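Data file: target_1.cif. Format and content: mmCIF, C-alpha atoms.
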```cif
data_my_file
#
loop_
_atom_site.label_atom_id
_atom_site.label_comp_id
_atom_site.auth_asym_id
_atom_site.auth_seq_id
_atom_site.Cartn_x
_atom_site.Cartn_y
_atom_site.Cartn_z
CA MET A 1 106.48 77.04 92.16
CA SER A 2 104.46 75.69 89.24
CA GLN A 3 105.64 72.63 87.40
CA THR A 4 107.26 73.33 84.05
CA GLU A 5 108.72 70.88 81.56
CA PRO A 6 112.16 69.92 82.89
CA VAL A 7 115.33 70.03 80.82
CA LYS A 8 116.64 66.52 80.17
CA VAL A 9 120.33 65.67 79.83
CA GLU A 10 121.31 62.07 79.09
CA VAL A 11 124.47 60.47 80.42
CA GLY A 12 125.31 58.12 77.57
CA LEU A 13 126.71 54.91 79.04
CA GLY A 14 125.09 52.31 76.79
CA ASP A 15 122.81 49.99 78.72
CA ARG A 16 123.61 51.95 81.90
CA ALA A 17 122.62 55.32 80.43
CA TYR A 18 120.45 57.52 82.61
CA ASP A 19 118.66 60.85 82.56
CA ILE A 20 119.32 64.01 84.52
CA LEU A 21 116.09 65.99 84.82
CA ILE A 22 116.54 69.68 85.69
CA GLY A 23 113.89 72.22 86.63
CA PRO A 24 111.54 73.44 89.36
CA GLY A 25 108.95 71.18 91.01
CA LEU A 26 110.69 67.86 90.42
CA LEU A 27 110.83 66.85 94.08
CA SER A 28 107.08 66.42 94.42
CA GLY A 29 107.00 64.34 91.22
CA ALA A 30 109.95 62.12 92.13
CA GLY A 31 107.71 59.19 93.04
CA ALA A 32 106.14 59.06 89.59
CA GLU A 33 109.53 59.35 87.86
CA ILE A 34 111.04 56.55 89.98
CA ALA A 35 108.01 54.28 89.75
CA GLY A 36 107.99 54.67 85.97
CA ARG A 37 111.59 53.51 85.70
CA LEU A 38 111.68 51.00 88.57
CA PRO A 39 108.16 49.56 88.88
CA GLY A 40 107.32 47.66 92.06
CA THR A 41 110.27 49.05 93.96
CA ARG A 42 110.60 49.91 97.64
CA ALA A 43 113.02 52.56 98.84
CA ALA A 44 115.37 53.81 101.51
CA ILE A 45 115.76 57.58 101.67
CA ILE A 46 119.16 58.70 102.96
CA THR A 47 119.19 62.33 104.06
CA ASP A 48 120.57 64.70 106.66
CA GLU A 49 118.85 66.62 109.43
CA ASN A 50 118.86 69.98 107.65
CA VAL A 51 117.53 68.66 104.34
CA ALA A 52 114.97 66.43 106.08
CA ALA A 53 113.44 69.44 107.82
CA ALA A 54 112.99 71.28 104.52
CA HIS A 55 112.24 68.59 101.92
CA LEU A 56 111.69 65.08 103.30
CA GLU A 57 107.91 65.24 103.58
CA THR A 58 107.54 66.49 99.99
CA LEU A 59 109.57 63.53 98.71
CA ARG A 60 107.83 60.97 100.97
CA PHE A 61 104.38 62.19 99.96
CA GLY A 62 105.25 61.87 96.27
CA LEU A 63 106.66 58.38 96.78
CA GLU A 64 103.60 57.20 98.71
CA LYS A 65 101.29 58.67 96.07
CA SER A 66 103.09 56.46 93.52
CA GLY A 67 102.90 53.36 95.72
CA ILE A 68 106.53 53.38 96.89
CA GLN A 69 107.09 52.53 100.56
CA ALA A 70 110.15 54.23 101.97
CA ALA A 71 112.32 53.76 105.04
CA VAL A 72 114.19 56.90 106.12
CA ILE A 73 117.73 57.13 107.47
CA THR A 74 118.55 60.63 108.73
CA LEU A 75 122.16 61.55 109.45
CA PRO A 76 123.95 64.61 110.84
CA ALA A 77 124.75 67.34 108.32
CA GLY A 78 128.35 68.08 107.37
CA GLU A 79 131.47 66.68 105.73
CA LYS A 80 132.36 64.56 108.77
CA THR A 81 129.35 62.34 108.01
CA LYS A 82 131.32 60.91 105.06
CA SER A 83 132.94 58.34 107.35
CA PHE A 84 133.17 54.62 107.98
CA ALA A 85 130.91 54.97 111.03
CA TYR A 86 128.03 56.51 109.10
CA LEU A 87 128.57 54.20 106.14
CA GLU A 88 127.99 51.31 108.52
CA GLU A 89 124.87 53.03 109.88
CA VAL A 90 123.42 53.44 106.39
CA VAL A 91 124.20 49.86 105.33
CA ASP A 92 122.70 48.51 108.54
CA GLY A 93 119.60 50.68 108.09
CA VAL A 94 119.03 49.45 104.54
CA LEU A 95 119.42 45.84 105.66
CA ALA A 96 117.15 46.40 108.67
CA ALA A 97 114.44 47.67 106.29
CA LYS A 98 114.75 44.28 104.47
CA LEU A 99 115.27 45.95 101.12
CA GLU A 100 116.36 43.76 98.23
CA ARG A 101 118.78 44.32 95.36
CA ARG A 102 116.00 45.43 93.00
CA ASP A 103 114.87 48.09 95.48
CA VAL A 104 116.28 51.61 95.46
CA VAL A 105 118.44 53.79 97.66
CA ILE A 106 117.49 57.48 97.25
CA ALA A 107 120.05 60.13 98.18
CA LEU A 108 118.17 63.27 99.26
CA GLY A 109 120.78 65.90 100.04
CA GLY A 110 123.98 67.56 98.99
CA GLY A 111 127.30 66.07 97.97
CA VAL A 112 128.01 64.43 101.32
CA ILE A 113 124.75 62.47 101.34
CA GLY A 114 125.01 61.63 97.64
CA ASP A 115 128.55 60.29 97.99
CA LEU A 116 127.76 58.29 101.13
CA ALA A 117 124.42 56.89 99.96
CA GLY A 118 125.83 56.02 96.54
CA PHE A 119 128.71 54.13 98.13
CA ALA A 120 126.32 52.25 100.42
CA ALA A 121 124.09 51.38 97.46
CA GLY A 122 127.13 50.10 95.57
CA ILE A 123 128.17 47.65 98.29
CA VAL A 124 125.06 46.54 100.20
CA ARG A 125 123.80 43.23 98.77
CA ARG A 126 126.64 43.68 96.24
CA GLY A 127 124.83 46.54 94.57
CA MET A 128 121.35 48.09 94.66
CA ASN A 129 119.53 50.59 92.47
CA PHE A 130 120.37 54.17 93.28
CA VAL A 131 118.69 57.53 92.58
CA GLN A 132 120.19 60.95 93.21
CA VAL A 133 117.93 63.79 94.37
CA PRO A 134 120.53 66.53 94.89
CA THR A 135 119.42 69.50 97.00
CA SER A 136 122.52 71.72 96.74
CA LEU A 137 123.86 73.52 93.69
CA LEU A 138 127.20 71.75 94.10
CA ALA A 139 125.53 68.35 94.03
CA GLN A 140 123.28 69.26 91.09
CA VAL A 141 126.13 70.35 88.84
CA ASP A 142 128.84 67.98 89.97
CA SER A 143 128.74 65.24 92.58
CA SER A 144 125.34 63.73 91.68
CA VAL A 145 126.42 63.09 88.08
CA GLY A 146 128.97 60.53 86.96
CA GLY A 147 128.86 57.77 89.56
CA LYS A 148 131.76 58.73 91.84
CA THR A 149 130.84 57.74 95.38
CA GLY A 150 132.81 57.38 98.57
CA ILE A 151 133.81 58.49 102.02
CA ASN A 152 136.76 60.28 103.57
CA SER A 153 139.62 58.73 105.49
CA ALA A 154 141.75 60.32 108.18
CA ARG A 155 144.44 60.27 105.47
CA GLY A 156 142.49 62.29 102.92
CA LYS A 157 139.26 63.09 101.13
CA ASN A 158 137.30 60.54 99.06
CA LEU A 159 140.00 57.88 99.36
CA VAL A 160 137.53 55.02 99.92
CA GLY A 161 134.71 54.43 97.45
CA VAL A 162 133.40 52.88 94.23
CA PHE A 163 132.11 54.00 90.86
CA ASN A 164 128.35 53.45 91.02
CA GLN A 165 126.13 55.10 88.42
CA PRO A 166 122.62 56.14 89.48
CA LYS A 167 119.49 55.14 87.60
CA LEU A 168 118.22 58.71 87.59
CA VAL A 169 119.16 62.21 88.78
CA LEU A 170 116.38 64.65 89.72
CA ALA A 171 117.75 68.18 90.07
CA ASP A 172 114.90 70.34 91.40
CA THR A 173 116.10 73.90 90.90
CA GLY A 174 113.38 75.21 93.19
CA VAL A 175 114.88 73.61 96.30
CA LEU A 176 117.97 75.78 95.85
CA ASP A 177 115.91 78.73 97.08
CA THR A 178 116.23 77.32 100.61
CA LEU A 179 120.04 77.04 100.44
CA PRO A 180 122.10 79.38 102.62
CA ILE A 181 123.90 81.85 100.37
CA ARG A 182 127.29 80.47 101.40
CA GLU A 183 126.29 76.99 100.18
CA PHE A 184 124.93 78.37 96.92
CA ARG A 185 128.17 80.25 96.31
CA ALA A 186 130.17 77.10 97.06
CA GLY A 187 128.18 75.21 94.42
CA TYR A 188 128.69 78.04 91.96
CA ALA A 189 132.43 77.35 92.08
CA GLU A 190 131.80 73.92 90.55
CA LEU A 191 129.47 75.51 88.00
CA ALA A 192 132.13 77.99 86.90
CA LYS A 193 134.65 75.16 86.71
CA TYR A 194 133.08 73.79 83.52
CA GLY A 195 133.66 77.08 81.75
CA LEU A 196 137.25 77.17 82.91
CA ILE A 197 137.94 73.62 81.70
CA ASP A 198 136.93 73.85 78.05
CA ARG A 199 133.88 76.10 77.62
CA PRO A 200 135.23 79.67 77.58
CA GLY A 201 131.96 80.92 76.11
CA PHE A 202 130.10 79.55 79.12
CA PHE A 203 132.51 81.25 81.51
CA ALA A 204 132.02 84.55 79.69
CA TRP A 205 128.23 84.01 79.90
CA LEU A 206 128.54 83.45 83.65
CA GLU A 207 130.57 86.64 84.03
CA GLU A 208 127.63 88.49 82.48
CA ASN A 209 124.73 86.53 83.99
CA TRP A 210 125.86 85.22 87.39
CA GLN A 211 123.46 87.50 89.27
CA LYS A 212 120.52 86.02 87.33
CA VAL A 213 121.78 82.49 88.13
CA PHE A 214 121.78 83.42 91.81
CA ALA A 215 118.30 84.95 91.51
CA GLY A 216 116.73 81.81 90.03
CA GLY A 217 114.49 81.35 87.01
CA GLN A 218 115.45 80.21 83.54
CA GLU A 219 119.08 81.35 83.73
CA ARG A 220 119.64 79.14 86.77
CA THR A 221 118.08 76.12 85.05
CA GLU A 222 120.10 76.69 81.86
CA ALA A 223 123.37 77.15 83.75
CA ILE A 224 122.84 73.90 85.65
CA ALA A 225 121.86 72.10 82.45
CA GLU A 226 125.00 73.35 80.65
CA ALA A 227 127.18 72.15 83.52
CA CYS A 228 125.46 68.76 83.45
CA ARG A 229 125.93 68.50 79.67
CA ALA A 230 129.62 69.24 80.12
CA LYS A 231 130.03 66.61 82.80
CA ALA A 232 127.88 64.04 80.96
CA ASP A 233 130.07 64.43 77.86
CA VAL A 234 133.22 63.76 79.86
CA VAL A 235 131.75 60.83 81.82
CA ALA A 236 130.50 59.18 78.62
CA ARG A 237 134.04 59.35 77.20
CA ASP A 238 135.90 58.31 80.33
CA GLU A 239 133.69 56.77 83.01
CA PHE A 240 136.48 55.51 85.28
CA GLU A 241 138.85 58.49 85.04
CA THR A 242 141.64 56.90 83.05
CA GLY A 243 142.01 59.96 80.81
CA ASP A 244 139.94 63.07 80.06
CA ARG A 245 137.73 62.82 83.14
CA ALA A 246 140.64 63.98 85.26
CA LEU A 247 140.02 67.47 83.78
CA LEU A 248 136.99 67.68 86.07
CA ASN A 249 139.48 67.88 88.94
CA LEU A 250 140.48 71.44 88.03
CA GLY A 251 141.12 73.14 91.37
CA HIS A 252 140.54 69.95 93.35
CA THR A 253 144.12 68.92 94.10
CA PHE A 254 144.83 72.22 95.84
CA GLY A 255 141.28 72.34 97.20
CA HIS A 256 141.32 68.86 98.73
CA ALA A 257 144.66 69.61 100.37
CA LEU A 258 143.19 72.74 101.95
CA GLU A 259 140.13 70.82 103.16
CA ALA A 260 142.38 68.22 104.77
CA ALA A 261 144.54 70.99 106.25
CA THR A 262 141.44 72.46 107.94
CA ASN A 263 140.36 69.01 109.15
CA TYR A 264 137.17 69.22 107.05
CA ASP A 265 135.87 71.93 109.36
CA GLY A 266 132.93 73.41 107.46
CA THR A 267 132.96 76.56 109.57
CA ARG A 268 136.35 77.35 108.04
CA LEU A 269 136.08 75.90 104.53
CA VAL A 270 133.44 73.97 102.63
CA HIS A 271 134.24 71.90 99.55
CA GLY A 272 133.17 74.40 96.91
CA GLU A 273 135.18 77.13 98.60
CA GLY A 274 138.22 74.86 98.53
CA VAL A 275 137.61 74.31 94.81
CA ALA A 276 137.31 78.06 94.23
CA ILE A 277 140.65 78.74 95.92
CA GLY A 278 142.10 75.70 94.14
CA MET A 279 141.02 76.97 90.71
CA ALA A 280 142.53 80.37 91.40
CA LEU A 281 145.75 78.70 92.57
CA ALA A 282 145.80 76.42 89.49
CA HIS A 283 145.59 79.45 87.19
CA ARG A 284 148.19 81.35 89.21
CA PHE A 285 150.49 78.29 89.27
CA SER A 286 150.09 77.94 85.50
CA ALA A 287 151.14 81.56 85.10
CA ARG A 288 154.14 80.96 87.37
CA LEU A 289 155.18 78.08 85.09
CA ASN A 290 154.79 80.38 82.04
CA LEU A 291 151.98 78.22 80.68
CA ALA A 292 149.37 80.97 80.78
CA SER A 293 149.12 84.72 81.10
CA PRO A 294 148.80 86.27 84.57
CA ASP A 295 145.85 88.17 83.06
CA ASP A 296 143.87 84.92 82.97
CA ALA A 297 144.59 84.25 86.64
CA GLU A 298 143.48 87.79 87.48
CA ARG A 299 140.29 87.33 85.45
CA VAL A 300 139.41 84.14 87.33
CA GLU A 301 140.20 85.73 90.68
CA ALA A 302 138.11 88.78 89.82
CA HIS A 303 135.05 86.66 89.01
CA LEU A 304 135.38 84.59 92.19
CA ARG A 305 135.64 87.82 94.20
CA ALA A 306 132.61 89.28 92.41
CA VAL A 307 130.35 86.40 93.41
CA GLY A 308 131.66 86.45 96.99
CA LEU A 309 133.84 83.34 96.92
CA PRO A 310 137.24 83.00 98.58
CA TRP A 311 140.07 82.99 96.04
CA ARG A 312 143.31 82.75 98.04
CA MET A 313 144.57 80.81 101.04
CA ALA A 314 144.54 83.99 103.10
CA ASP A 315 140.72 83.97 102.85
CA ILE A 316 140.56 80.86 105.08
CA SER A 317 140.02 81.76 108.74
CA GLY A 318 142.59 80.57 111.26
CA ASP A 319 146.09 79.28 110.71
CA LEU A 320 147.11 76.83 107.99
CA PRO A 321 149.92 74.25 108.17
CA ASP A 322 153.16 75.29 106.53
CA ALA A 323 153.88 74.74 102.84
CA GLU A 324 155.68 71.43 103.45
CA ALA A 325 152.62 70.05 105.26
CA LEU A 326 150.31 71.25 102.48
CA LEU A 327 152.52 69.49 99.94
CA GLY A 328 152.17 66.36 102.10
CA PHE A 329 148.38 66.52 101.75
CA ILE A 330 148.75 66.96 97.99
CA THR A 331 150.98 63.89 97.67
CA GLN A 332 148.36 61.85 99.58
CA ASP A 333 145.64 62.92 97.16
CA LYS A 334 144.29 60.14 94.97
CA LYS A 335 145.26 62.08 91.85
CA VAL A 336 148.87 61.14 92.55
CA SER A 337 150.13 58.24 90.42
CA ARG A 338 153.14 56.25 91.64
CA GLY A 339 154.45 59.28 93.51
CA ALA A 340 154.34 61.62 90.50
CA LEU A 341 152.31 64.79 90.99
CA THR A 342 149.48 65.29 88.52
CA PHE A 343 147.74 68.65 88.29
CA ILE A 344 145.08 70.13 86.08
CA LEU A 345 146.76 73.25 84.75
CA THR A 346 145.71 75.71 82.08
CA ARG A 347 146.94 77.62 79.05
CA GLY A 348 144.16 80.17 79.53
CA VAL A 349 140.47 80.43 80.37
CA GLY A 350 138.77 77.34 78.94
CA GLN A 351 142.09 75.66 78.09
CA ALA A 352 142.71 73.22 80.94
CA PHE A 353 144.96 70.20 80.44
CA ILE A 354 146.35 67.29 82.44
CA ALA A 355 149.94 67.94 83.56
CA LYS A 356 151.78 64.84 84.72
CA ASP A 357 155.12 64.67 86.52
CA VAL A 358 154.88 68.17 87.94
CA PRO A 359 158.06 68.64 90.02
CA PRO A 360 157.27 68.69 93.75
CA SER A 361 159.93 71.38 94.16
CA GLU A 362 157.93 73.72 91.90
CA VAL A 363 154.74 73.05 93.85
CA LEU A 364 156.51 73.64 97.16
CA ALA A 365 158.01 76.92 95.98
CA PHE A 366 154.58 78.07 94.77
CA LEU A 367 152.90 77.09 98.06
CA LYS A 368 155.53 78.99 100.01
CA ALA A 369 155.01 82.07 97.85
CA SER A 370 151.21 81.83 98.18
CA HIS A 371 151.05 80.92 101.86
CA PRO A 372 149.29 83.47 104.12
CA GLU A 373 152.28 83.53 106.48
CA ARG A 374 154.58 84.50 103.59
CA LEU A 375 152.13 87.19 102.50
CA LYS A 376 151.89 88.54 106.06
CA MET A 377 155.67 88.74 106.27
CA SER A 378 155.98 90.53 102.93
CA HIS A 379 153.29 93.06 103.93
CA SER A 380 155.00 93.79 107.23
CA ARG A 381 158.29 94.77 105.60
#
```
Just dump the structure as structure tokens.
Amino acid sequence: MSQTEPVKVEVGLGDRAYDILIGPGLLSGAGAEIAGRLPGTRAAIITDENVAAAHLETLRFGLEKSGIQAAVITLPAGEKTKSFAYLEEVVDGVLAAKLERRDVVIALGGGVIGDLAGFAAGIVRRGMNFVQVPTSLLAQVDSSVGGKTGINSARGKNLVGVFNQPKLVLADTGVLDTLPIREFRAGYAELAKYGLIDRPGFFAWLEENWQKVFAGGQERTEAIAEACRAKADVVARDEFETGDRALLNLGHTFGHALEAATNYDGTRLVHGEGVAIGMALAHRFSARLNLASPDDAERVEAHLRAVGLPWRMADISGDLPDAEALLGFITQDKKVSRGALTFILTRGVGQAFIAKDVPPSEVLAFLKASHPERLKMSHSR
């Protein structure tokens, strides 16, 4: 794909501001972009086996052309790589390469690699430079932007980590052509999320143009750029999630609980699919609480169905724990504050808000009503 001028979105954090560059062909030019911002640097590329096979040589060649020597640490693909064991492997690999604080850790991969590499960069030598080169749609529109990094614990998702802002994000839209369709759809859930939070016009645009976003071209680039603008605006206002940034968790409290309930088994549920179901549940729960119209929940569900995403717990293969156990995963989620349940709920499409002190009894009743076992029983009557 020929190089075109990328779209630039700035994350405005004062002296820690950085650019997100979005467009086709950026991977091959990554060396020049990094060398221009971090002259004289050496690098460690953190990637996974699947991404390495498709894109590592393109990145390495561009780095070498710009005079950047790079060590490579290749890890297994999948959510289970976000663990203490692989964090230790990455840290040890960076140290073994004798990289210094002024050198750079490059995350080449999806959300798992970005989260893990960013966490390692934040703690090795008490903090190194860090560049995100996201290769999945989910990572390009969400996890690569904003500095949240971390790993999973047996007790829940993303419970161990640090805020660590990158120096640069390079979102090559061309690499998305190699994504399996399931992974692209999963990333699309995070893309649609920004419309559902506070950009109803964007959600309506996606309803009309989602097939063009899937096909590639200018619509894909513009959709990713709009999502990045939305996230950059929120991060600039609330970097450490003490207020508005929590809105970005729309669908995540339910979604993270479902991921934990499936033991992070990517054959059953990947993160973006959990978010899709979680967003549908958040809209349906809001309607149950008489905060929003059921028509809005049905509209969200219809769009998720149209693009091929799961939208209800019954779409997850295999059995799920009962409603009480699901509530247990929710109360372990890091969005809980001093035992009070906090959800991102909605008053309609594009009208999300932070709801604190949601009664656990209401959540439990909703989970029971929405649980596949309950639905099976009601259908058998």
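The spacing separating atom CA of A:Leu13 from atom CA of A:Ser136 amounts to 24.8 Å.
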* Excluding A:Ala17 and residues on its chain fewer than 2 positions from it, collect all residues at most 10 Å away from it, counting only C-alpha atoms, and give them as a list in words. =>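 The contact residues come out as Glu10, Val11, Gly12, Leu13, Gly14, Asp15, Asp19, Gln165, Pro166, Lys167, Leu168 and Ala236 of chain A.
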* For the file shown, what are the residues hit by the PyMOL selection byres ((chain A and resi 262) around 12), laid out as a PyMOL selection string? -> chain A and resi 79+156-157+255-261+263-271+274+313+316-321+325-326+329
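Take the PyMOL selection byres ((chain A and resi 110) around 6) and apply it to this file: it picks A:Gly109, A:Gly111, A:Val112, A:Ile113, A:Pro134, A:Thr135, A:Ser136, A:Ala139.
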* Near stretch 48-55 of chain A, counting all atoms listed in the file, which residues have an atom at most 12 Å away, once you skip same-chain residues fewer than 5 positions from it, shown as a VMD selection string? -> chain A and resid 25 to 28 30 60 to 62 72 to 82 86 90 107 to 114 116 to 117 133 to 136 172 174 to 180
Starting from the shown file, work through the PyMOL selection byres ((chain A and resi 294) around 12) and note down what comes out as a short mmCIF file (atom, residue, chain, number, x, y, z; two decimals) with C-alpha atoms, in the coordinates of the input.
```
data_model
loop_
_atom_site.label_atom_id
_atom_site.label_comp_id
_atom_site.auth_asym_id
_atom_site.auth_seq_id
_atom_site.Cartn_x
_atom_site.Cartn_y
_atom_site.Cartn_z
CA ALA A 280 142.53 80.37 91.40
CA LEU A 281 145.75 78.70 92.57
CA ALA A 282 145.80 76.42 89.49
CA HIS A 283 145.59 79.45 87.19
CA ARG A 284 148.19 81.35 89.21
CA PHE A 285 150.49 78.29 89.27
CA SER A 286 150.09 77.94 85.50
CA ALA A 287 151.14 81.56 85.10
CA ARG A 288 154.14 80.96 87.37
CA LEU A 289 155.18 78.08 85.09
CA ASN A 290 154.79 80.38 82.04
CA LEU A 291 151.98 78.22 80.68
CA ALA A 292 149.37 80.97 80.78
CA SER A 293 149.12 84.72 81.10
CA ASP A 295 145.85 88.17 83.06
CA ASP A 296 143.87 84.92 82.97
CA ALA A 297 144.59 84.25 86.64
CA GLU A 298 143.48 87.79 87.48
CA ARG A 299 140.29 87.33 85.45
CA VAL A 300 139.41 84.14 87.33
CA GLU A 301 140.20 85.73 90.68
CA THR A 346 145.71 75.71 82.08
CA ARG A 347 146.94 77.62 79.05
CA GLY A 348 144.16 80.17 79.53
CA VAL A 349 140.47 80.43 80.37
#
```
* **Close residues, stretch 245-248 of chain A itself excluded, 8 Å, all atoms listed in the file, min 6 positions apart in chain, as a VMD selection string** => chain A and resid 193 to 194 197 231 234 to 235 237 to 239 344 352 to 354
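The shortest atom-to-atom distance to A:Leu59, with all atoms listed in the file taken into account, belongs to A:Leu170 out of A:Leu170, A:Trp311, A:Leu138, A:Leu99.
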* To do: Might you pull out every residue within 12 Å of A:Thr331, with all atoms listed in the file counted and same-chain residues fewer than 4 positions away left off, and present them as a list in words?
  => Arg155, Gly156, Thr253, Phe254, His256, Ala257, Ala260, Glu324, Ala325, Leu326, Leu327, Lys335, Val336, Ser337, Arg338, Gly339, Ala340, Leu341, Thr342, Phe343, Asp357, Val358, Pro359, Pro360, Val363 and Leu364 of chain A
* Which residue gives the smallest distance to A:Leu63 among A:Val104, A:Leu137, A:Leu21, A:Ala97, with only C-alpha atoms counted? ->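 Residue with the minimum atom-to-atom distance to A:Leu63: A:Val104.
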Which residues, written as a PDB file with C-alpha atoms, in the frame of the given file, have at least one atom at most 12 Å from A:Val160, with only C-alpha atoms counted and residues fewer than 5 positions away on the same chain left out?
```pdb
ATOM      1  CA  LYS A  82     131.320  60.910 105.060  1.00  0.00           C
ATOM      2  CA  SER A  83     132.940  58.340 107.350  1.00  0.00           C
ATOM      3  CA  PHE A  84     133.170  54.620 107.980  1.00  0.00           C
ATOM      4  CA  LEU A  87     128.570  54.200 106.140  1.00  0.00           C
ATOM      5  CA  ASP A 115     128.550  60.290  97.990  1.00  0.00           C
ATOM      6  CA  LEU A 116     127.760  58.290 101.130  1.00  0.00           C
ATOM      7  CA  PHE A 119     128.710  54.130  98.130  1.00  0.00           C
ATOM      8  CA  ALA A 120     126.320  52.250 100.420  1.00  0.00           C
ATOM      9  CA  LYS A 148     131.760  58.730  91.840  1.00  0.00           C
ATOM     10  CA  THR A 149     130.840  57.740  95.380  1.00  0.00           C
ATOM     11  CA  GLY A 150     132.810  57.380  98.570  1.00  0.00           C
ATOM     12  CA  ILE A 151     133.810  58.490 102.020  1.00  0.00           C
ATOM     13  CA  ASN A 152     136.760  60.280 103.570  1.00  0.00           C
ATOM     14  CA  SER A 153     139.620  58.730 105.490  1.00  0.00           C
ATOM     15  CA  ALA A 154     141.750  60.320 108.180  1.00  0.00           C
ATOM     16  CA  ARG A 155     144.440  60.270 105.470  1.00  0.00           C
ATOM     17  CA  ASP A 333     145.640  62.920  97.160  1.00  0.00           C
ATOM     18  CA  LYS A 334     144.290  60.140  94.970  1.00  0.00           C
TER      19      LYS A 334
END
```
* Asked: So how far away is atom CA of A:Glu273 from atom CA of A:Thr242, in Å?
  -> 26.3 Å
